[in-house]
Amino acid sequence: MDFTFNSFPYRVIFAHGALNRVADEAALIGKRALILSTPEQASAGRNVFALLGPLAGGLFDRATMHVPVSIVEEALVAAKEIGADFTVAIGGGSTTGLAKALSLRAGLPSLVIPTTYAGSEVTPIWGMTEDGIKTTGRDAGVVPRTVIYDPDLTRSLPLGMTVASGLNAIAHCMEGLYAVDGNPIVSMMAEEGIRSLYESLPRLAEDGGDDEARTQALYGCWLAGMVLGSASVALHHKLCHTLGGRFDMPHAETHTAILPHAIAYNAPAAPDAMVRASRAMGGREPPAALYELASKLGAEMSLAKLGMPEEGIEIAAKLAIQNPYPNPRPVTEDGIRALLARAYTGAMPQSAELEPA
Ligand code: NAD
């Protein structure tokens with residue numbers, strides 16, 4: 001064996017009702033907190049304010065998708081006004097993203113309480129948007145000091161978001177299995193992450209109040225976040241970033257529609273990854289299993305219906321081969337065109353049509 005494994009020194013509290021421990025955990029980080037939330041989750045922010053008692057300095061409830069620089073600057077002013085020495089973020093990837101931006105810009109450590117399956121809370125990846133341009137980077141300093149996972153907080157997630165966000169997490173795990181810088185630890189987390197999500201998502205679709213399934217799904221998403229934070233992504237993420245940026249398509253839903261096709265493309269060149277993924281999905285062929293899971297849970301599988309114009313196939317095939325991410329199978333324009341043509345209509349993935357690399 002010969003590998004490099006990056007890990008980050010954050011603390012995780014994982015339990016039903018763990019939110020009630022927020023004051024004890026916050027006291028380990030600082031003395032005065034700026035609480036962060038979106039406008040939609042302001043009441044969750046107020047609840048954290050109450051739980052923090054004397055540690056609560058203020059609530060900034062204007063966290064926004066894609067972390068606009070203007071919002072980061074407003075939050076910096078709010079932090080300064082109250083003399084905050086750390087932040088407590090409650091919400092999804094957008095709120096976590098704001099906490100990370102404040103760590104990057106002002107060195108404020110954070111305690112993050114995730115309420116979606118995005119996984120951003122355990123990655124060193126940050127992003128900020130200005131004039132429509134998103135800048136991203138990696139910096140170990142943006143990783144939260146503490147993450148509180150409380151499955152009770154995901155109960156209010158609508159089913160559509162649960163499914164898309166969960167499939168997005170499976171995508172992180174799938175690509176971790178064949179990442180150029182993958183290793184046995186990442187593979188172990190990725191396989192367990194896929195297994196947890198593959199089992200729990202159908203149960204949540206049946207019964208959103210199934211607490212055991214909520215716990216299993218959140219656990220799987222933590223693992224997926226760790227995989228994303230520790231290993232590189234490949235063709236699947238490249239296609240999603242290309243399409244999302246070019247055609248302003250919904251993030252997690254685009255991941256869901258492309259994943260079975262990207263995996264079908266890479267399967268012939270990543271046999272070990274497919275063995276692990278299959279083992280995590282009841283022995284099924286990964287591309288078909290992913291397609292069936294997503295469609296059974298009501299996900300939209302057609303890129304056309306998600307807003308991609310037909311000429312997008314040609315444009316994205318050309319864009320995807322420019323500066324490709326490292327990928328187990330060589331990325332060819334014809335191969336990507338065929339892959340996207342199937343995803344465009346929402347057809348089943350067909351790995352057999354592709355010549356092995
Ligand atoms: P989000 O944070 O944008 O939340 C979407 C909406 O759902 C918001 O209005 C939010 O308040 C609401 N919401 C959140 N939790 C809820 C709950 N439990 N019940 C009801 N409503 C709830 O969505 P997201 O999918 O968590 O995050 C997406 C963003 O995160 C994207 O911008 C993506 O790029 C980023 N992201 C970053 C990383 C990283 O490592 N940096 C990883 C994954 C995602």
# chains A, B, ... in the order shown; residues from 1 in each chain; ligands from 1
call {"tool": "residues_around", "arguments": {"residues": "segment 37-44 of chain A", "least_positions_apart": "3", "cutoff": "10 Å", "atoms": "only C-alpha atoms", "output": "CSV table (one decimal) with all heavy atoms, in the first residue's frame"}}
result
chain,number,residue,atom,x,y,z
A,47,ASN,N,-34.0,29.7,18.0
A,47,ASN,CA,-33.9,28.6,19.0
A,47,ASN,C,-32.5,28.4,19.5
A,47,ASN,O,-32.3,28.2,20.7
A,47,ASN,CB,-34.5,27.3,18.3
A,47,ASN,CG,-34.6,26.2,19.3
A,47,ASN,OD1,-34.8,26.3,20.5
A,47,ASN,ND2,-34.4,24.9,18.8
A,48,VAL,N,-31.5,28.4,18.6
A,48,VAL,CA,-30.1,28.3,19.0
A,48,VAL,C,-29.7,29.4,19.9
A,48,VAL,O,-29.0,29.2,20.9
A,48,VAL,CB,-29.2,28.2,17.7
A,48,VAL,CG1,-27.7,28.3,18.1
A,48,VAL,CG2,-29.5,26.9,17.0
A,49,PHE,N,-30.2,30.6,19.5
A,49,PHE,CA,-29.9,31.8,20.4
A,49,PHE,C,-30.3,31.5,21.8
A,49,PHE,O,-29.6,31.8,22.8
A,49,PHE,CB,-30.6,33.0,19.8
A,49,PHE,CG,-30.2,34.3,20.4
A,49,PHE,CD1,-29.4,35.2,19.6
A,49,PHE,CD2,-30.6,34.7,21.6
A,49,PHE,CE1,-28.9,36.4,20.2
A,49,PHE,CE2,-30.2,36.0,22.2
A,49,PHE,CZ,-29.4,36.8,21.4
A,50,ALA,N,-31.6,31.0,21.9
A,50,ALA,CA,-32.1,30.8,23.3
A,50,ALA,C,-31.3,29.7,24.0
A,50,ALA,O,-30.9,29.8,25.2
A,50,ALA,CB,-33.5,30.4,23.2
A,59,LEU,N,-28.0,37.2,16.0
A,59,LEU,CA,-28.4,36.3,14.9
A,59,LEU,C,-28.3,37.0,13.6
A,59,LEU,O,-28.9,38.1,13.5
A,59,LEU,CB,-29.9,35.8,15.2
A,59,LEU,CG,-30.6,35.1,14.1
A,59,LEU,CD1,-29.9,33.8,13.7
A,59,LEU,CD2,-32.1,34.9,14.4
A,60,PHE,N,-27.6,36.5,12.7
A,60,PHE,CA,-27.6,37.0,11.3
A,60,PHE,C,-28.4,36.0,10.4
A,60,PHE,O,-27.9,34.8,10.2
A,60,PHE,CB,-26.1,37.1,10.8
A,60,PHE,CG,-26.0,37.7,9.4
A,60,PHE,CD1,-26.0,39.0,9.2
A,60,PHE,CD2,-26.0,36.8,8.3
A,60,PHE,CE1,-25.9,39.6,7.9
A,60,PHE,CE2,-25.9,37.3,7.1
A,60,PHE,CZ,-25.8,38.7,6.9
A,61,ASP,N,-29.6,36.3,10.0
A,61,ASP,CA,-30.4,35.3,9.3
A,61,ASP,C,-30.6,35.6,7.8
A,61,ASP,O,-31.6,35.4,7.3
A,61,ASP,CB,-31.8,35.3,10.0
A,61,ASP,CG,-32.5,36.6,9.9
A,61,ASP,OD1,-32.1,37.5,9.3
A,61,ASP,OD2,-33.6,36.7,10.5
A,62,ARG,N,-29.5,36.0,7.2
A,62,ARG,CA,-29.6,36.3,5.8
A,62,ARG,C,-28.6,35.5,4.9
A,62,ARG,O,-28.2,35.9,3.8
A,62,ARG,CB,-29.3,37.8,5.5
A,62,ARG,CG,-30.5,38.7,6.1
A,62,ARG,CD,-30.5,40.1,5.5
A,62,ARG,NE,-29.3,40.9,5.8
A,62,ARG,CZ,-29.0,41.4,7.0
A,62,ARG,NH1,-29.8,41.2,8.0
A,62,ARG,NH2,-27.9,42.1,7.2
A,63,ALA,N,-28.3,34.3,5.4
A,63,ALA,CA,-27.4,33.4,4.6
A,63,ALA,C,-28.2,33.1,3.3
A,63,ALA,O,-29.4,32.9,3.3
A,63,ALA,CB,-27.1,32.1,5.4
A,64,THR,N,-27.4,33.0,2.2
A,64,THR,CA,-28.0,32.9,0.9
A,64,THR,C,-27.2,31.9,0.1
A,64,THR,O,-26.0,31.8,0.2
A,64,THR,CB,-28.0,34.3,0.2
A,64,THR,OG1,-28.5,35.3,1.1
A,64,THR,CG2,-28.7,34.3,-1.1
A,65,MET,N,-28.0,31.2,-0.8
A,65,MET,CA,-27.4,30.3,-1.8
A,65,MET,C,-26.2,30.9,-2.5
A,65,MET,O,-26.2,32.0,-2.9
A,65,MET,CB,-28.5,29.9,-2.8
A,65,MET,CG,-28.1,28.8,-3.8
A,65,MET,SD,-28.5,27.3,-3.1
A,65,MET,CE,-29.4,26.5,-4.4
A,88,VAL,N,-22.0,30.2,15.1
A,88,VAL,CA,-22.7,28.9,15.2
A,88,VAL,C,-23.7,28.9,14.0
A,88,VAL,O,-24.6,29.8,13.9
A,88,VAL,CB,-23.5,28.8,16.5
A,88,VAL,CG1,-24.4,27.6,16.5
A,88,VAL,CG2,-22.5,28.8,17.7
A,89,ALA,N,-23.5,28.0,13.0
A,89,ALA,CA,-24.4,28.0,11.8
A,89,ALA,C,-25.4,26.9,11.9
A,89,ALA,O,-25.0,25.7,12.2
A,89,ALA,CB,-23.5,27.8,10.6
A,90,ILE,N,-26.7,27.2,11.7
A,90,ILE,CA,-27.7,26.1,11.7
A,90,ILE,C,-28.4,26.2,10.3
A,90,ILE,O,-28.9,27.2,9.9
A,90,ILE,CB,-28.7,26.2,12.8
A,90,ILE,CG1,-29.7,25.0,12.7
A,90,ILE,CG2,-29.4,27.5,12.9
A,90,ILE,CD1,-30.3,24.6,14.0
A,91,GLY,N,-28.3,25.1,9.5
A,91,GLY,CA,-28.9,25.1,8.2
A,91,GLY,C,-28.2,24.1,7.2
A,91,GLY,O,-27.4,23.2,7.7
A,92,GLY,N,-28.4,24.4,5.9
A,92,GLY,CA,-27.8,23.5,4.9
A,92,GLY,C,-26.4,24.1,4.4
A,92,GLY,O,-25.8,24.9,5.1
A,94,SER,N,-25.7,26.2,2.3
A,94,SER,CA,-25.5,27.7,2.1
A,94,SER,C,-25.1,28.4,3.4
A,94,SER,O,-24.3,29.3,3.4
A,94,SER,CB,-26.9,28.2,1.5
A,94,SER,OG,-27.2,27.6,0.3
A,95,THR,N,-25.7,27.9,4.5
A,95,THR,CA,-25.4,28.6,5.8
A,95,THR,C,-24.0,28.1,6.2
A,95,THR,O,-23.2,29.0,6.7
A,95,THR,CB,-26.5,28.2,6.8
A,95,THR,OG1,-27.8,28.4,6.2
A,95,THR,CG2,-26.4,29.0,8.1
A,96,THR,N,-23.7,26.9,6.0
A,96,THR,CA,-22.4,26.4,6.4
A,96,THR,C,-21.3,27.2,5.5
A,96,THR,O,-20.3,27.5,6.0
A,96,THR,CB,-22.2,24.9,6.0
A,96,THR,OG1,-23.2,24.2,6.8
A,96,THR,CG2,-20.9,24.3,6.4
A,98,LEU,N,-21.5,30.2,4.5
A,98,LEU,CA,-21.3,31.5,5.1
A,98,LEU,C,-20.3,31.4,6.3
A,98,LEU,O,-19.4,32.3,6.4
A,98,LEU,CB,-22.6,32.2,5.5
A,98,LEU,CG,-22.6,33.5,6.2
A,98,LEU,CD1,-21.9,34.6,5.2
A,98,LEU,CD2,-24.0,34.0,6.5
A,99,ALA,N,-20.5,30.4,7.1
A,99,ALA,CA,-19.6,30.2,8.3
A,99,ALA,C,-18.2,30.0,7.8
A,99,ALA,O,-17.2,30.6,8.3
A,99,ALA,CB,-20.1,29.0,9.1
A,115,THR,N,-28.6,20.7,8.7
A,115,THR,CA,-30.0,20.3,8.6
A,115,THR,C,-30.4,19.7,7.3
A,115,THR,O,-31.5,19.5,7.0
A,115,THR,CB,-31.0,21.5,9.0
A,115,THR,OG1,-30.8,22.5,7.9
A,115,THR,CG2,-30.7,22.1,10.3
A,153,LEU,N,-33.4,17.2,13.3
A,153,LEU,CA,-33.4,18.5,12.5
A,153,LEU,C,-33.7,18.3,11.0
A,153,LEU,O,-34.0,19.2,10.3
A,153,LEU,CB,-32.1,19.3,12.7
A,153,LEU,CG,-31.8,19.6,14.2
A,153,LEU,CD1,-30.4,20.3,14.2
A,153,LEU,CD2,-32.8,20.6,14.7
call {"tool": "residues_around", "arguments": {"residues": "Pro151 of chain A", "least_positions_apart": "6", "cutoff": "6 Å", "atoms": "only C-alpha atoms", "output": "PDB file with N, CA, C and O atoms, in the first residue's frame"}}
result
ATOM      1  N   HIS A  16     -29.699  11.811  18.435  1.00  0.00           N
ATOM      2  CA  HIS A  16     -31.027  12.429  18.495  1.00  0.00           C
ATOM      3  C   HIS A  16     -31.024  13.405  19.657  1.00  0.00           C
ATOM      4  O   HIS A  16     -30.551  13.074  20.755  1.00  0.00           O
ATOM      5  N   ARG A 214     -33.781   8.132   9.285  1.00  0.00           N
ATOM      6  CA  ARG A 214     -33.223   9.505   9.329  1.00  0.00           C
ATOM      7  C   ARG A 214     -31.794   9.466   9.871  1.00  0.00           C
ATOM      8  O   ARG A 214     -30.905  10.134   9.357  1.00  0.00           O
ATOM      9  N   THR A 215     -31.601   8.679  10.922  1.00  0.00           N
ATOM     10  CA  THR A 215     -30.270   8.569  11.526  1.00  0.00           C
ATOM     11  C   THR A 215     -29.289   7.962  10.530  1.00  0.00           C
ATOM     12  O   THR A 215     -28.182   8.461  10.335  1.00  0.00           O
TER      13      THR A 215
END
call {"tool": "select_by_dssp", "arguments": {"residues": "segment 5-249 of chain A", "states": "helix (DSSP H, G or I)", "output": "VMD selection string"}}
result
chain A and resid 18 to 27 42 to 55 69 to 82 93 to 106 120 to 122 140 to 142 151 to 154 159 to 177 184 to 206 211 to 230 235 to 247
call {"tool": "residues_around", "arguments": {"residues": "Ala294 of chain A", "least_positions_apart": "4", "cutoff": "9 Å", "atoms": "only C-alpha atoms", "output": "PyMOL selection string"}}
result
chain A and resi 163-164+167+256-257+289-290+298-301
call {"tool": "residues_around", "arguments": {"residues": "Glu130 of chain A", "least_positions_apart": "4", "cutoff": "8 Å", "atoms": "only C-alpha atoms", "output": "number ranges by chain"}}
result
A: 68-70, 134
call {"tool": "select_by_dssp", "arguments": {"residues": "segment 15-258 of chain A", "states": "strand (DSSP E)", "output": "ChimeraX atom specification"}}
result
/A:33-36,56-60,86-91,110-114,125-130,133-138,146-149
call {"tool": "residues_around", "arguments": {"residues": "Val275 of chain A", "least_positions_apart": "2", "cutoff": "12 Å", "atoms": "only C-alpha atoms", "output": "mmCIF file with N, CA and C atoms, in the first residue's frame"}}
result
data_model
loop_
_atom_site.group_PDB
_atom_site.id
_atom_site.type_symbol
_atom_site.label_atom_id
_atom_site.label_comp_id
_atom_site.auth_asym_id
_atom_site.auth_seq_id
_atom_site.Cartn_x
_atom_site.Cartn_y
_atom_site.Cartn_z
ATOM 1 N N MET A 174 -19.429 7.492 -4.721
ATOM 2 C CA MET A 174 -19.089 6.723 -5.923
ATOM 3 C C MET A 174 -17.761 7.202 -6.501
ATOM 4 N N LEU A 177 -14.641 6.229 -4.634
ATOM 5 C CA LEU A 177 -14.194 4.840 -4.811
ATOM 6 C C LEU A 177 -13.167 4.696 -5.936
ATOM 7 N N TYR A 178 -13.221 5.598 -6.926
ATOM 8 C CA TYR A 178 -12.211 5.497 -8.003
ATOM 9 C C TYR A 178 -11.365 6.774 -8.141
ATOM 10 N N SER A 187 -12.166 4.550 0.650
ATOM 11 C CA SER A 187 -13.040 3.519 0.067
ATOM 12 C C SER A 187 -13.963 2.910 1.115
ATOM 13 N N GLU A 191 -17.951 3.181 0.744
ATOM 14 C CA GLU A 191 -18.818 1.999 0.652
ATOM 15 C C GLU A 191 -19.902 2.034 1.738
ATOM 16 N N ALA A 267 -17.527 2.533 -15.359
ATOM 17 C CA ALA A 267 -17.517 1.166 -14.801
ATOM 18 C C ALA A 267 -16.454 0.249 -15.421
ATOM 19 N N PRO A 268 -16.312 0.219 -16.762
ATOM 20 C CA PRO A 268 -15.336 -0.726 -17.321
ATOM 21 C C PRO A 268 -13.896 -0.446 -16.873
ATOM 22 N N ALA A 270 -13.076 0.865 -13.848
ATOM 23 C CA ALA A 270 -12.957 0.940 -12.376
ATOM 24 C C ALA A 270 -13.583 -0.306 -11.739
ATOM 25 N N PRO A 271 -13.070 -1.506 -12.068
ATOM 26 C CA PRO A 271 -13.734 -2.726 -11.588
ATOM 27 C C PRO A 271 -13.759 -2.860 -10.068
ATOM 28 N N ASP A 272 -12.681 -2.463 -9.379
ATOM 29 C CA ASP A 272 -12.677 -2.613 -7.911
ATOM 30 C C ASP A 272 -13.733 -1.715 -7.273
ATOM 31 N N ALA A 273 -13.845 -0.495 -7.803
ATOM 32 C CA ALA A 273 -14.857 0.440 -7.284
ATOM 33 C C ALA A 273 -16.250 -0.142 -7.489
ATOM 34 N N ALA A 277 -19.121 -0.861 -4.729
ATOM 35 C CA ALA A 277 -20.425 -0.177 -4.848
ATOM 36 C C ALA A 277 -21.547 -1.202 -4.943
ATOM 37 N N SER A 278 -21.304 -2.266 -5.687
ATOM 38 C CA SER A 278 -22.318 -3.296 -5.852
ATOM 39 C C SER A 278 -22.605 -3.979 -4.514
ATOM 40 N N ARG A 279 -21.526 -4.246 -3.767
ATOM 41 C CA ARG A 279 -21.680 -4.872 -2.447
ATOM 42 C C ARG A 279 -22.561 -3.995 -1.539
ATOM 43 N N ALA A 280 -22.422 -2.665 -1.711
ATOM 44 C CA ALA A 280 -23.201 -1.729 -0.872
ATOM 45 C C ALA A 280 -24.649 -1.610 -1.342
ATOM 46 N N MET A 281 -24.919 -2.119 -2.569
ATOM 47 C CA MET A 281 -26.278 -1.965 -3.118
ATOM 48 C C MET A 281 -26.900 -3.336 -3.391
ATOM 49 N N GLY A 282 -26.725 -4.224 -2.452
ATOM 50 C CA GLY A 282 -27.385 -5.527 -2.518
ATOM 51 C C GLY A 282 -26.968 -6.390 -3.692
ATOM 52 N N GLY A 283 -25.737 -6.205 -4.182
ATOM 53 C CA GLY A 283 -25.241 -7.050 -5.268
ATOM 54 C C GLY A 283 -25.684 -6.600 -6.658
ATOM 55 N N ARG A 284 -26.355 -5.472 -6.743
ATOM 56 C CA ARG A 284 -26.832 -4.986 -8.050
ATOM 57 C C ARG A 284 -25.706 -4.327 -8.840
ATOM 58 N N GLU A 285 -25.902 -4.256 -10.172
ATOM 59 C CA GLU A 285 -24.986 -3.498 -11.033
ATOM 60 C C GLU A 285 -25.132 -2.020 -10.663
ATOM 61 N N PRO A 286 -24.048 -1.321 -10.308
ATOM 62 C CA PRO A 286 -24.218 0.063 -9.820
ATOM 63 C C PRO A 286 -24.997 1.010 -10.747
#
call {"tool": "closest_residue", "arguments": {"among": "A:Val22, A:Ala343, A:Met161, A:Leu102", "to": "ligand 1", "atoms": "only C-alpha atoms and all ligand atoms"}}
result
A:Met161
call {"tool": "residues_around", "arguments": {"residues": "segment 250-255 of chain A", "least_positions_apart": "4", "cutoff": "7 Å", "atoms": "only C-alpha atoms", "output": "PyMOL selection string"}}
result
chain A and resi 164-165+168+240+244+259
call {"tool": "atom_distance", "arguments": {"atom1": "atom CA of Ile258 of chain A", "atom2": "atom CA of Ala288 of chain A"}}
result
12.4 Å
call {"tool": "closest_residue", "arguments": {"among": "A:Leu52, A:Ala106, A:Leu319, A:Ala18", "to": "Leu76 of chain A", "atoms": "only C-alpha atoms"}}
result
A:Ala106
call {"tool": "atom_distance", "arguments": {"atom1": "atom CA of Ser110 of chain A", "atom2": "atom CA of Thr146 of chain A"}}
result
7.0 Å
call {"tool": "residues_around", "arguments": {"residues": "Glu121 of chain A", "least_positions_apart": "5", "cutoff": "10 Å", "atoms": "only C-alpha atoms", "output": "list of chain:residue names"}}
result
A:Tyr10, A:Ala89, A:Gly92, A:Gly93, A:Thr95, A:Thr96, A:Gly97, A:Ala99, A:Lys100, A:Ser110, A:Leu111, A:Val112, A:Ile113, A:Pro114, A:Val142, A:Val143, A:Pro144, A:Arg145, A:Thr146, A:Val147, A:Ile148, A:Trp222, A:Gly225, A:Met226, A:Gly229
call {"tool": "write_last_selection", "arguments": {"atoms": "N, CA and C atoms", "output": "compact mmCIF listing (two decimals), in the first residue's frame"}}
result
# COMPACT_ATOMS: atom_id res chain seq x y z
N TYR A 10 -11.73 18.03 13.47
CA TYR A 10 -13.00 18.55 13.97
C TYR A 10 -13.63 17.51 14.92
N ALA A 89 -23.54 28.02 13.04
CA ALA A 89 -24.39 28.00 11.85
C ALA A 89 -25.38 26.87 11.94
N GLY A 92 -28.35 24.36 5.93
CA GLY A 92 -27.76 23.52 4.90
C GLY A 92 -26.42 24.06 4.42
N GLY A 93 -26.04 23.61 3.22
CA GLY A 93 -24.73 23.98 2.65
C GLY A 93 -24.56 25.48 2.49
N THR A 95 -25.73 27.94 4.47
CA THR A 95 -25.42 28.56 5.77
C THR A 95 -24.02 28.14 6.22
N THR A 96 -23.70 26.86 6.04
CA THR A 96 -22.35 26.39 6.35
C THR A 96 -21.33 27.17 5.52
N GLY A 97 -21.70 27.43 4.25
CA GLY A 97 -20.81 28.17 3.36
C GLY A 97 -20.51 29.57 3.89
N ALA A 99 -20.54 30.42 7.11
CA ALA A 99 -19.64 30.24 8.27
C ALA A 99 -18.20 30.04 7.78
N LYS A 100 -18.05 29.27 6.69
CA LYS A 100 -16.70 29.02 6.16
C LYS A 100 -16.08 30.32 5.63
N SER A 110 -15.91 28.01 13.77
CA SER A 110 -17.35 27.78 13.72
C SER A 110 -17.77 26.47 14.37
N LEU A 111 -19.03 26.49 14.81
CA LEU A 111 -19.72 25.27 15.22
C LEU A 111 -20.87 25.16 14.22
N VAL A 112 -20.98 24.01 13.53
CA VAL A 112 -22.00 23.89 12.49
C VAL A 112 -23.00 22.80 12.86
N ILE A 113 -24.28 23.14 12.64
CA ILE A 113 -25.37 22.20 12.92
C ILE A 113 -26.10 21.98 11.59
N PRO A 114 -25.75 20.90 10.86
CA PRO A 114 -26.35 20.70 9.54
C PRO A 114 -27.81 20.25 9.63
N VAL A 142 -11.10 26.52 7.19
CA VAL A 142 -12.56 26.73 7.14
C VAL A 142 -13.34 25.53 7.68
N VAL A 143 -12.65 24.45 7.98
CA VAL A 143 -13.35 23.28 8.53
C VAL A 143 -13.85 23.65 9.93
N PRO A 144 -15.14 23.39 10.21
CA PRO A 144 -15.67 23.77 11.53
C PRO A 144 -14.90 23.12 12.68
N ARG A 145 -14.93 23.77 13.84
CA ARG A 145 -14.29 23.21 15.04
C ARG A 145 -15.12 22.02 15.53
N THR A 146 -16.46 22.19 15.49
CA THR A 146 -17.37 21.14 15.97
C THR A 146 -18.57 21.03 15.03
N VAL A 147 -19.03 19.80 14.81
CA VAL A 147 -20.26 19.58 14.03
C VAL A 147 -21.24 18.82 14.92
N ILE A 148 -22.45 19.35 15.05
CA ILE A 148 -23.50 18.66 15.81
C ILE A 148 -24.49 18.08 14.81
N TRP A 222 -22.70 12.18 6.38
CA TRP A 222 -21.45 12.58 7.03
C TRP A 222 -20.28 11.85 6.34
N GLY A 225 -19.57 13.35 3.03
CA GLY A 225 -18.86 14.62 3.18
C GLY A 225 -17.38 14.38 3.43
N MET A 226 -17.08 13.37 4.26
CA MET A 226 -15.67 13.07 4.54
C MET A 226 -14.96 12.60 3.27
N GLY A 229 -14.28 15.56 1.18
CA GLY A 229 -13.21 16.39 1.74
C GLY A 229 -11.84 15.75 1.66
call {"tool": "atom_distance", "arguments": {"atom1": "atom CA of Asp152 of chain A", "atom2": "atom CA of Leu19 of chain A"}}
result
8.9 Å
call {"tool": "decode", "arguments": {"residues": "segment 58-64 of chain A", "atoms": "all heavy atoms", "output": "CSV table (one decimal), in the first residue's frame"}}
result
chain,number,residue,atom,x,y,z
A,58,GLY,N,-25.7,37.5,18.8
A,58,GLY,CA,-26.6,38.0,17.8
A,58,GLY,C,-26.9,37.0,16.8
A,58,GLY,O,-26.3,35.9,16.7
A,59,LEU,N,-28.0,37.2,16.0
A,59,LEU,CA,-28.4,36.3,14.9
A,59,LEU,C,-28.3,37.0,13.6
A,59,LEU,O,-28.9,38.1,13.5
A,59,LEU,CB,-29.9,35.8,15.2
A,59,LEU,CG,-30.6,35.1,14.1
A,59,LEU,CD1,-29.9,33.8,13.7
A,59,LEU,CD2,-32.1,34.9,14.4
A,60,PHE,N,-27.6,36.5,12.7
A,60,PHE,CA,-27.6,37.0,11.3
A,60,PHE,C,-28.4,36.0,10.4
A,60,PHE,O,-27.9,34.8,10.2
A,60,PHE,CB,-26.1,37.1,10.8
A,60,PHE,CG,-26.0,37.7,9.4
A,60,PHE,CD1,-26.0,39.0,9.2
A,60,PHE,CD2,-26.0,36.8,8.3
A,60,PHE,CE1,-25.9,39.6,7.9
A,60,PHE,CE2,-25.9,37.3,7.1
A,60,PHE,CZ,-25.8,38.7,6.9
A,61,ASP,N,-29.6,36.3,10.0
A,61,ASP,CA,-30.4,35.3,9.3
A,61,ASP,C,-30.6,35.6,7.8
A,61,ASP,O,-31.6,35.4,7.3
A,61,ASP,CB,-31.8,35.3,10.0
A,61,ASP,CG,-32.5,36.6,9.9
A,61,ASP,OD1,-32.1,37.5,9.3
A,61,ASP,OD2,-33.6,36.7,10.5
A,62,ARG,N,-29.5,36.0,7.2
A,62,ARG,CA,-29.6,36.3,5.8
A,62,ARG,C,-28.6,35.5,4.9
A,62,ARG,O,-28.2,35.9,3.8
A,62,ARG,CB,-29.3,37.8,5.5
A,62,ARG,CG,-30.5,38.7,6.1
A,62,ARG,CD,-30.5,40.1,5.5
A,62,ARG,NE,-29.3,40.9,5.8
A,62,ARG,CZ,-29.0,41.4,7.0
A,62,ARG,NH1,-29.8,41.2,8.0
A,62,ARG,NH2,-27.9,42.1,7.2
A,63,ALA,N,-28.3,34.3,5.4
A,63,ALA,CA,-27.4,33.4,4.6
A,63,ALA,C,-28.2,33.1,3.3
A,63,ALA,O,-29.4,32.9,3.3
A,63,ALA,CB,-27.1,32.1,5.4
A,64,THR,N,-27.4,33.0,2.2
A,64,THR,CA,-28.0,32.9,0.9
A,64,THR,C,-27.2,31.9,0.1
A,64,THR,O,-26.0,31.8,0.2
A,64,THR,CB,-28.0,34.3,0.2
A,64,THR,OG1,-28.5,35.3,1.1
A,64,THR,CG2,-28.7,34.3,-1.1
